[in-house]
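Participant: This is work_37.cif (mmCIF, C-alpha atoms).
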data_model
loop_
_atom_site.label_atom_id
_atom_site.label_comp_id
_atom_site.auth_asym_id
_atom_site.auth_seq_id
_atom_site.Cartn_x
_atom_site.Cartn_y
_atom_site.Cartn_z
CA MET Y 1 -66.44 112.03 -25.94
CA ASN Y 2 -69.01 112.88 -23.24
CA GLY Y 3 -66.17 113.10 -20.71
CA ALA Y 4 -64.44 115.78 -22.77
CA ILE Y 5 -67.70 117.70 -23.16
CA ALA Y 6 -68.38 117.46 -19.42
CA MET Y 7 -64.86 118.74 -18.68
CA ARG Y 8 -65.38 121.77 -20.96
CA TYR Y 9 -68.61 122.72 -19.20
CA ALA Y 10 -67.04 122.06 -15.79
CA ALA Y 11 -64.00 124.21 -16.63
CA ALA Y 12 -66.24 127.05 -17.79
CA LEU Y 13 -68.25 126.95 -14.56
CA ALA Y 14 -65.02 126.77 -12.53
CA ASP Y 15 -63.76 129.88 -14.35
CA VAL Y 16 -66.93 131.76 -13.37
CA ALA Y 17 -66.92 130.48 -9.77
CA ILE Y 18 -63.30 131.45 -9.20
CA ALA Y 19 -63.68 134.83 -10.93
CA GLN Y 20 -66.69 135.61 -8.71
CA LYS Y 21 -64.82 134.32 -5.64
CA ASN Y 22 -67.70 132.07 -4.58
CA ALA Y 23 -66.46 128.64 -5.62
CA GLU Y 24 -67.71 126.85 -2.51
CA GLN Y 25 -71.19 128.32 -2.82
CA VAL Y 26 -71.35 127.45 -6.53
CA GLN Y 27 -70.23 123.90 -5.75
CA GLY Y 28 -72.82 123.58 -2.98
CA ASP Y 29 -75.62 124.95 -5.16
CA LEU Y 30 -74.68 122.69 -8.07
CA ASN Y 31 -74.64 119.68 -5.74
CA SER Y 32 -78.03 120.68 -4.28
CA PHE Y 33 -79.52 121.08 -7.75
CA ALA Y 34 -78.15 117.70 -8.85
CA GLU Y 35 -79.66 116.10 -5.73
CA ALA Y 36 -83.02 117.77 -6.45
CA LEU Y 37 -82.91 116.51 -10.03
CA SER Y 38 -82.08 113.02 -8.85
CA ALA Y 39 -84.83 113.03 -6.21
CA SER Y 40 -87.66 114.48 -8.32
CA SER Y 41 -89.07 112.48 -11.20
CA ASP Y 42 -91.25 115.49 -12.13
CA LEU Y 43 -88.18 117.73 -12.46
CA ARG Y 44 -86.39 115.09 -14.54
CA THR Y 45 -89.44 114.80 -16.80
CA VAL Y 46 -89.57 118.57 -17.33
CA LEU Y 47 -85.85 118.99 -17.98
CA LEU Y 48 -85.18 115.86 -20.02
CA SER Y 49 -88.31 115.74 -22.16
CA PRO Y 50 -87.85 116.98 -25.73
CA ALA Y 51 -91.62 117.65 -25.83
CA ILE Y 52 -91.26 120.50 -23.31
CA GLY Y 53 -89.95 123.75 -24.74
CA VAL Y 54 -86.88 125.66 -23.62
CA GLU Y 55 -88.97 128.55 -22.20
CA ALA Y 56 -91.03 126.22 -19.99
CA LYS Y 57 -87.86 124.53 -18.76
CA GLN Y 58 -86.25 127.89 -17.95
CA LYS Y 59 -89.37 129.07 -16.09
CA ALA Y 60 -89.26 125.89 -13.99
CA ILE Y 61 -85.58 126.49 -13.23
CA ALA Y 62 -86.26 130.15 -12.36
CA ARG Y 63 -88.89 129.10 -9.79
CA LEU Y 64 -86.68 126.33 -8.44
CA SER Y 65 -83.59 128.54 -8.20
CA ASP Y 66 -85.58 131.15 -6.26
CA ALA Y 67 -86.88 128.48 -3.88
CA MET Y 68 -83.40 126.98 -3.44
CA LYS Y 69 -81.71 130.41 -3.30
CA MET Y 70 -79.23 129.31 -5.97
CA THR Y 71 -76.43 131.61 -7.01
CA PRO Y 72 -77.03 133.31 -10.37
CA ALA Y 73 -73.96 131.49 -11.71
CA VAL Y 74 -75.55 128.07 -11.15
CA ARG Y 75 -78.98 129.19 -12.40
CA ASN Y 76 -77.43 130.60 -15.58
CA PHE Y 77 -75.31 127.48 -15.97
CA VAL Y 78 -78.43 125.29 -15.86
CA TYR Y 79 -80.03 127.60 -18.46
CA LEU Y 80 -76.97 127.03 -20.64
CA LEU Y 81 -77.30 123.26 -20.25
CA ILE Y 82 -80.96 123.50 -21.25
CA ASP Y 83 -80.13 125.67 -24.29
CA HIS Y 84 -77.49 123.21 -25.48
CA ARG Y 85 -79.53 120.11 -24.60
CA ARG Y 86 -76.92 118.86 -22.12
CA THR Y 87 -79.12 118.49 -19.02
CA GLU Y 88 -78.78 114.72 -19.07
CA MET Y 89 -75.04 115.20 -18.52
CA LEU Y 90 -75.49 117.11 -15.25
CA VAL Y 91 -74.14 114.37 -12.96
CA GLU Y 92 -71.07 113.88 -15.14
CA ILE Y 93 -70.53 117.66 -15.33
CA GLN Y 94 -70.97 117.96 -11.56
CA GLN Y 95 -68.26 115.34 -10.95
CA ALA Y 96 -65.93 116.97 -13.48
CA PHE Y 97 -66.58 120.36 -11.85
CA GLU Y 98 -65.59 119.04 -8.43
CA THR Y 99 -62.40 117.55 -9.86
CA GLU Y 100 -61.57 120.75 -11.77
CA LEU Y 101 -62.28 123.01 -8.81
CA ASN Y 102 -60.21 120.85 -6.46
CA ALA Y 103 -57.29 120.90 -8.91
CA ARG Y 104 -57.43 124.68 -9.19
CA MET Y 105 -57.63 125.12 -5.42
CA GLY Y 106 -54.79 122.67 -4.70
CA ILE Y 107 -57.06 120.07 -3.10
CA ALA Y 108 -56.46 116.38 -3.67
CA GLU Y 109 -59.10 113.75 -3.09
CA ALA Y 110 -58.15 110.69 -1.11
CA ARG Y 111 -60.04 107.42 -0.83
CA VAL Y 112 -59.07 105.78 2.47
CA THR Y 113 -60.05 102.18 3.19
CA SER Y 114 -59.52 100.77 6.66
CA ALA Y 115 -60.23 97.43 8.28
CA GLN Y 116 -62.64 99.04 10.72
CA LYS Y 117 -64.44 102.34 11.15
CA LEU Y 118 -61.99 105.08 12.15
CA SER Y 119 -62.73 107.54 14.93
CA GLU Y 120 -62.92 111.23 14.08
CA ARG Y 121 -59.49 111.76 15.67
CA GLU Y 122 -57.96 108.92 13.60
CA ARG Y 123 -59.52 110.37 10.45
CA GLN Y 124 -58.04 113.80 11.20
CA GLU Y 125 -54.60 112.36 11.95
CA LEU Y 126 -54.62 110.27 8.77
CA THR Y 127 -55.77 113.26 6.70
CA ALA Y 128 -53.04 115.43 8.23
CA ALA Y 129 -50.41 112.76 7.47
CA LEU Y 130 -51.57 112.58 3.85
CA GLU Y 131 -51.43 116.38 3.60
CA ARG Y 132 -47.84 116.37 4.86
CA ARG Y 133 -46.94 113.55 2.48
CA THR Y 134 -48.52 115.11 -0.63
CA GLY Y 135 -48.07 118.80 0.15
CA LYS Y 136 -51.73 119.39 -0.76
CA LYS Y 137 -54.93 119.93 1.14
CA ILE Y 138 -56.69 116.56 1.30
CA GLN Y 139 -60.39 115.93 0.97
CA ALA Y 140 -60.70 112.39 2.31
CA HIS Y 141 -63.49 109.85 1.83
CA PHE Y 142 -63.47 106.87 4.18
CA ASP Y 143 -64.59 103.25 3.62
CA GLU Y 144 -64.23 100.00 5.56
CA ASP Y 145 -63.01 96.63 4.25
CA GLU Y 146 -62.63 93.82 6.78
CA SER Y 147 -60.37 91.85 4.42
CA LEU Y 148 -57.53 94.28 5.21
CA LEU Y 149 -57.22 92.67 8.68
CA GLY Y 150 -55.87 95.95 10.09
CA GLY Y 151 -54.30 99.24 9.06
CA ALA Y 152 -55.42 101.34 6.10
CA VAL Y 153 -54.91 101.91 2.39
CA ALA Y 154 -55.06 105.46 1.01
CA ARG Y 155 -55.32 106.32 -2.68
CA VAL Y 156 -54.52 109.91 -3.66
CA GLY Y 157 -54.87 110.25 -7.41
CA SER Y 158 -52.88 107.36 -8.89
CA THR Y 159 -50.66 106.95 -5.81
CA VAL Y 160 -51.48 104.25 -3.27
CA TYR Y 161 -50.17 104.37 0.29
CA ASP Y 162 -50.66 100.87 1.66
CA GLY Y 163 -50.29 100.51 5.41
CA SER Y 164 -52.55 97.49 5.72
CA VAL Y 165 -51.69 94.37 7.66
CA ARG Y 166 -52.45 92.35 4.53
CA GLU Y 167 -49.75 94.26 2.60
CA ARG Y 168 -47.24 93.90 5.43
CA LEU Y 169 -47.85 90.13 5.48
CA THR Y 170 -47.40 89.98 1.70
CA ARG Y 171 -44.07 91.81 1.97
CA LEU Y 172 -42.97 89.56 4.83
CA ARG Y 173 -43.89 86.45 2.80
CA ALA Y 174 -41.88 87.72 -0.18
CA GLN Y 175 -38.91 88.46 2.06
CA LEU Y 176 -39.03 84.99 3.60
CA GLU Y 177 -39.25 83.34 0.18
CA MET Y 178 -36.09 85.16 -0.91
CA GLU Y 179 -34.08 83.90 2.08
#
Could you rewrite the structure in this file as structure tokens?

Facilitator:
Amino acid sequence: MNGAIAMRYAAALADVAIAQKNAEQVQGDLNSFAEALSASSDLRTVLLSPAIGVEAKQKAIARLSDAMKMTPAVRNFVYLLIDHRRTEMLVEIQQAFETELNARMGIAEARVTSAQKLSERERQELTAALERRTGKKIQAHFDEDESLLGGAVARVGSTVYDGSVRERLTRLRAQLEME
């Protein structure tokens, strides 16, 4: 249920960000606010405490948004979360917002796991190959896993592109067993 609620809030913020043609700035400001909330126990106490009134919470957000130079869209969105007592869902809403915004902008997220750390050039080449393969702009996140032995595995949505040595050995083993 919380996932559906988070998606509704995220979709509403995405509508505003795209209509105002400042989606990247809204995304950056929302991420910065979420980081500030995560880093500051005082801010969490103010925003999450039922003992603190809505006006006091909004005054704190007004001061913080001025200091952080947040876009009015993000400031007003946080006010909305406060009014509807949804501030505790901010991280979930932030993730849903990123997913929603990427979908609307034709960007696919890819999780790439390689046996060793890839150079910047290798990362760019792999990202470009995934973009050609999917026909979408790729936002790639890279991890390492030594158990792959070599090569890489890329997951774009529910599709897995497995170019690891481990997978090649598995296919070779299956082929030899069939002969």

Participant: Taking the file as I've supplied it (selection: the PyMOL selection byres ((chain Y and resi 141-143) around 7)), which residues are included? Please answer as a tab-separated table (two decimals) with C-alpha atoms, in the coordinates of the input.

Facilitator:
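Contents of the output file result_32.tsv:
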chain	number	residue	atom	x	y	z
Y	110	ALA	CA	-58.15	110.69	-1.11
Y	111	ARG	CA	-60.04	107.42	-0.83
Y	112	VAL	CA	-59.07	105.78	2.47
Y	113	THR	CA	-60.05	102.18	3.19
Y	114	SER	CA	-59.52	100.77	6.66
Y	139	GLN	CA	-60.39	115.93	0.97
Y	140	ALA	CA	-60.70	112.39	2.31
Y	144	GLU	CA	-64.23	100.00	5.56
Y	145	ASP	CA	-63.01	96.63	4.25

Participant: Atom CA of Val74 of chain Y and atom CA of Val156 of chain Y are how many Å apart?

Facilitator: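 Going from atom CA of Val74 of chain Y over to atom CA of Val156 of chain Y, I get 28.8 Å.
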
Participant: Go through Y:Glu88, Y:Ala129, Y:Asn102, Y:Lys57 and flag the residue nearest Ser38 of chain Y, using all atoms listed in the file for the distances.

Facilitator: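 Ranked by minimum distance to Ser38 of chain Y, first place goes to Y:Glu88.
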
Participant: Can you list, as a PyMOL selection string, every protein, DNA or RNA residue that comes within 12 Å of segment 7-9 of chain Y when you count only C-alpha atoms, leaving out same-chain residues fewer than 2 positions away?

Facilitator: chain Y and resi 1-5+11-16+74+77-78+80-81+84+86-87+89-101

Participant: Tell me, in Å to one decimal, how far atom CA of Glu109 of chain Y is from atom CA of Ile138 of chain Y.

Facilitator: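 So the answer is 5.7 Å.
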
Participant: Would you mind listing what lies within 10 Å of Tyr161 of chain Y as a list in words, with all atoms listed in the file counted and same-chain residues fewer than 6 positions away left out?

Facilitator: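 Final neighbour list, sorted by chain and number: Val112, Leu130, Arg133, Ala152, Val153, Ala154 and Arg155 of chain Y.
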
Participant: I'd like the contact shell of Leu48 of chain Y - 9 Å cut-off, all atoms listed in the file, skipping same-chain residues fewer than 4 positions apart - returned as a list in words.

Facilitator: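 Non-adjacent residues within range: Leu43, Arg44, Ile52, Ile82, Arg85, Thr87 and Glu88 of chain Y.
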
Participant: Can you tell me how far atom CA of Gln116 of chain Y sits from atom CA of Glu146 of chain Y, in Å to one decimal?

Facilitator: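 Going from atom CA of Gln116 of chain Y over to atom CA of Glu146 of chain Y covers 6.5 Å.
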
Participant: Could you give me, as a list in words, the residues that sit within 8 Å of (-78.8, 127.4, -4.4) in the file's coordinates, counting all atoms listed in the file?

Facilitator: Gln25, Val26, Gly28, Asp29, Leu30, Ser32, Phe33, Ser65, Asp66, Met68, Lys69, Met70, Thr71 and Val74 of chain Y

Participant: Which residues, written as an MDAnalysis selection string, have at least one atom at most 10 Å from segment 165-175 of chain Y, with all atoms listed in the file counted and residues fewer than 5 positions away on the same chain left out?

Facilitator: chainID Y and resid 115 147:153
